[in-house]
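What follows is a short report on a single structure.
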Amino acid sequence: MDVLGTTLGLLYLYLEFKENIWMWIVGSVMPVIYIFVLYKAGIYADCGMEVYYFLAGIYGFIVWKFGKKVAGKEIAISYTPRSLKNMLWLVMIVLWMAMGTFLDKCTDSTVPYIDGLSTAMSIVGLWMLSRKYIEQWWVWFVVDAISVGLYIYKGVYGRALLYAIYTGMAIYGYFVWKKKMEKASLCMK
């Protein structure tokens with residue numbers, strides 16, 4: 001199951017680089033597999049996060065397919081509006097503390113606050129991705145780097161490998177999207 005999830009994760013990443021809408025479908029299938037893997041490993045917030053990923057995959061597909069369009073074109077890659085940045089930080093911190101506390105007090109998790117942090121950041125990062133905000137790549141870089149250590153510690157090695165690849169690819173993805181954003185900006189002039 002871990003190997004199948006890892007394979008789908010690599011496909012998802014490839015489709016994300018390409019801004020291909022089918023990434024959202026792959027992003028809805030992969031979490032179903034990882035719910036079982038992560039629950040067995042005792043990584044409960046990430047396990048719950050997979051339910052969010054499943055629903056977010058459906059949401060992202062709808063937004064990219066039918067969402068706000070400008071002059072009949074799909075949503076363009078852009079910078080996160082300054083007015084949203086503080087709100088996103090606040091949401092992430094509140095989610096992190098709430099999840100970490102819940103996991104610490106109500107489960108047998110051995111990694112409650114790290115699990116909660118990666119999950120809170122993932123919620124924010126995935127929402128940013130649905131809006132095609134370029135900074136989502138930096139959020140994923142931090143989430144992925146944290147997750148590598150978490151998954152190695154918990155013995156989920158296939159997913160650790162996937163997230164090690166994701167960590168490096170987040171930097172690459174940022175520059176791919178930046179180039180696309182700059183090219184689109186030049187075409188509009």
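Ordered as shown in the structure tokens, chains take letters A, B, and onward, while each chain numbers its residues from 1 and ligands are numbered from 1 in the order shown.
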Stretch 83-91 of chain A environment, 10 Å, only C-alpha atoms, sequence neighbours closer than 2 positions dropped, as a VMD selection string: chain A and resid 80 to 81 93 to 96 120 to 121 123 to 125 127 to 128
How about saving the chosen residues, N, CA and C atoms kept, as an mmCIF file, in the first residue's frame?
```cif
data_model
loop_
_atom_site.group_PDB
_atom_site.id
_atom_site.type_symbol
_atom_site.label_atom_id
_atom_site.label_comp_id
_atom_site.auth_asym_id
_atom_site.auth_seq_id
_atom_site.Cartn_x
_atom_site.Cartn_y
_atom_site.Cartn_z
ATOM 1 N N THR A 80 0.463 35.380 -3.414
ATOM 2 C CA THR A 80 -0.577 35.448 -2.393
ATOM 3 C C THR A 80 -0.811 36.917 -2.054
ATOM 4 N N PRO A 81 -2.055 37.365 -2.095
ATOM 5 C CA PRO A 81 -2.322 38.765 -1.749
ATOM 6 C C PRO A 81 -1.847 39.076 -0.326
ATOM 7 N N ILE A 93 -1.295 28.584 12.691
ATOM 8 C CA ILE A 93 -0.881 28.483 14.093
ATOM 9 C C ILE A 93 -2.016 27.954 14.967
ATOM 10 N N VAL A 94 -3.227 28.444 14.756
ATOM 11 C CA VAL A 94 -4.374 27.981 15.543
ATOM 12 C C VAL A 94 -4.622 26.496 15.297
ATOM 13 N N LEU A 95 -4.597 26.087 14.022
ATOM 14 C CA LEU A 95 -4.783 24.666 13.706
ATOM 15 C C LEU A 95 -3.689 23.809 14.339
ATOM 16 N N TRP A 96 -2.454 24.265 14.260
ATOM 17 C CA TRP A 96 -1.325 23.527 14.818
ATOM 18 C C TRP A 96 -1.504 23.312 16.325
ATOM 19 N N ALA A 120 -1.342 21.062 9.909
ATOM 20 C CA ALA A 120 -1.845 22.442 9.821
ATOM 21 C C ALA A 120 -1.260 23.158 8.608
ATOM 22 N N MET A 121 0.029 22.987 8.393
ATOM 23 C CA MET A 121 0.663 23.620 7.235
ATOM 24 C C MET A 121 0.127 23.035 5.930
ATOM 25 N N ILE A 123 -2.882 21.884 5.385
ATOM 26 C CA ILE A 123 -4.219 22.441 5.144
ATOM 27 C C ILE A 123 -4.095 23.803 4.463
ATOM 28 N N VAL A 124 -3.221 24.635 4.985
ATOM 29 C CA VAL A 124 -3.012 25.961 4.403
ATOM 30 C C VAL A 124 -2.397 25.842 3.006
ATOM 31 N N GLY A 125 -1.387 24.986 2.859
ATOM 32 C CA GLY A 125 -0.721 24.826 1.565
ATOM 33 C C GLY A 125 -1.653 24.324 0.474
ATOM 34 N N TRP A 127 -4.917 24.690 0.345
ATOM 35 C CA TRP A 127 -5.841 25.767 -0.015
ATOM 36 C C TRP A 127 -5.151 26.768 -0.939
ATOM 37 N N MET A 128 -3.885 27.102 -0.629
ATOM 38 C CA MET A 128 -3.130 28.026 -1.487
ATOM 39 C C MET A 128 -2.949 27.450 -2.885
#
```
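When the distance limit is 10 Å and only C-alpha atoms are what count, the residues near A:Lys178, minus those fewer than 5 positions from it on the same chain, are A:Ile77, A:Ser78, A:Tyr79, A:Ile134, A:Glu135, A:Tyr172, A:Gly173, A:Lys183, A:Ala184.
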At a cut-off of 10 Å, using only C-alpha atoms, what residues contact stretch 21-24 of chain A? Leave out same-chain residues fewer than 2 positions from it and give the result as a list in words. Leu8, Gly9, Leu11, Tyr12, Leu13, Tyr14, Leu15, Glu16, Phe17, Lys18, Glu19, Val26, Gly27, Ser28, Val29, Tyr53, Phe54, Leu55, Ala56, Gly57, Ile58, Tyr59, Gly60, Phe61, Ile62, Val63, Trp64, Lys65 and Ser130 of chain A
Using DSSP on the backbone, list every residue of stretch 28-164 of chain A that comes out as strand (DSSP E or B), and give them as an MDAnalysis selection string. chainID A and resid 70 73 78 133
Expected file contents, prior selection, N, CA, C and O atoms, as a PDB file, in the first residue's frame:
```pdb
ATOM      1  N   VAL A  70     -10.912  34.497 -15.765  1.00  0.00           N
ATOM      2  CA  VAL A  70     -10.679  35.850 -16.253  1.00  0.00           C
ATOM      3  C   VAL A  70     -10.612  35.786 -17.768  1.00  0.00           C
ATOM      4  O   VAL A  70      -9.787  35.065 -18.322  1.00  0.00           O
ATOM      5  N   LYS A  73     -10.391  32.413 -19.333  1.00  0.00           N
ATOM      6  CA  LYS A  73      -9.213  31.579 -19.071  1.00  0.00           C
ATOM      7  C   LYS A  73      -9.227  31.097 -17.634  1.00  0.00           C
ATOM      8  O   LYS A  73      -9.862  31.681 -16.764  1.00  0.00           O
ATOM      9  N   SER A  78      -0.311  33.229  -9.288  1.00  0.00           N
ATOM     10  CA  SER A  78      -0.087  34.587  -8.793  1.00  0.00           C
ATOM     11  C   SER A  78       0.549  34.528  -7.406  1.00  0.00           C
ATOM     12  O   SER A  78       0.654  33.464  -6.799  1.00  0.00           O
ATOM     13  N   TYR A 133      -1.556  30.079  -5.725  1.00  0.00           N
ATOM     14  CA  TYR A 133      -0.612  31.030  -5.147  1.00  0.00           C
ATOM     15  C   TYR A 133       0.764  30.386  -5.142  1.00  0.00           C
ATOM     16  O   TYR A 133       0.960  29.291  -4.605  1.00  0.00           O
TER      17      TYR A 133
END
```
In stretch 4-46 of chain A, DSSP alpha helix (DSSP H) residues written as an NGL selection string: :A and (4-17 or 23-41 or 44-46)
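You can rank A:Gly155, A:Cys47, A:Ala76, A:Leu129 by their closest distance to A:Asp115 using only C-alpha atoms, and at the top of that list sits A:Cys47.
Of the residues listed (A:Ile152, A:Met30, A:Trp177, A:Ala145), A:Ala145 shows the shortest atom-to-atom separation from A:Ile165; distances use only C-alpha atoms.
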Determine, using only C-alpha atoms, which residues of stretch 43-94 of chain A have any atom at most 10 Å from an atom of stretch 104-109 of chain A, and tabulate each with its shortest atom pair and distance in Å to one decimal place, rows ordered by chain and then rising number, as a Markdown table.
```
| residue | atom | partner | partner_atom | distance |
| --- | --- | --- | --- | --- |
| A:Ile43 | CA | A:Ser109 | CA | 6.8 |
| A:Tyr44 | CA | A:Ser109 | CA | 7.2 |
| A:Ala45 | CA | A:Ser109 | CA | 9.1 |
```
Would you save the residues from that selection as a compact mmCIF listing (two decimals), in the first residue's frame, using C-alpha atoms?
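Output saved as selection_5.txt:
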```txt
# COMPACT_ATOMS: atom_id res chain seq x y z
CA ILE A 43 0.31 9.14 12.76
CA TYR A 44 -3.23 10.22 13.48
CA ALA A 45 -3.31 13.87 12.39
```
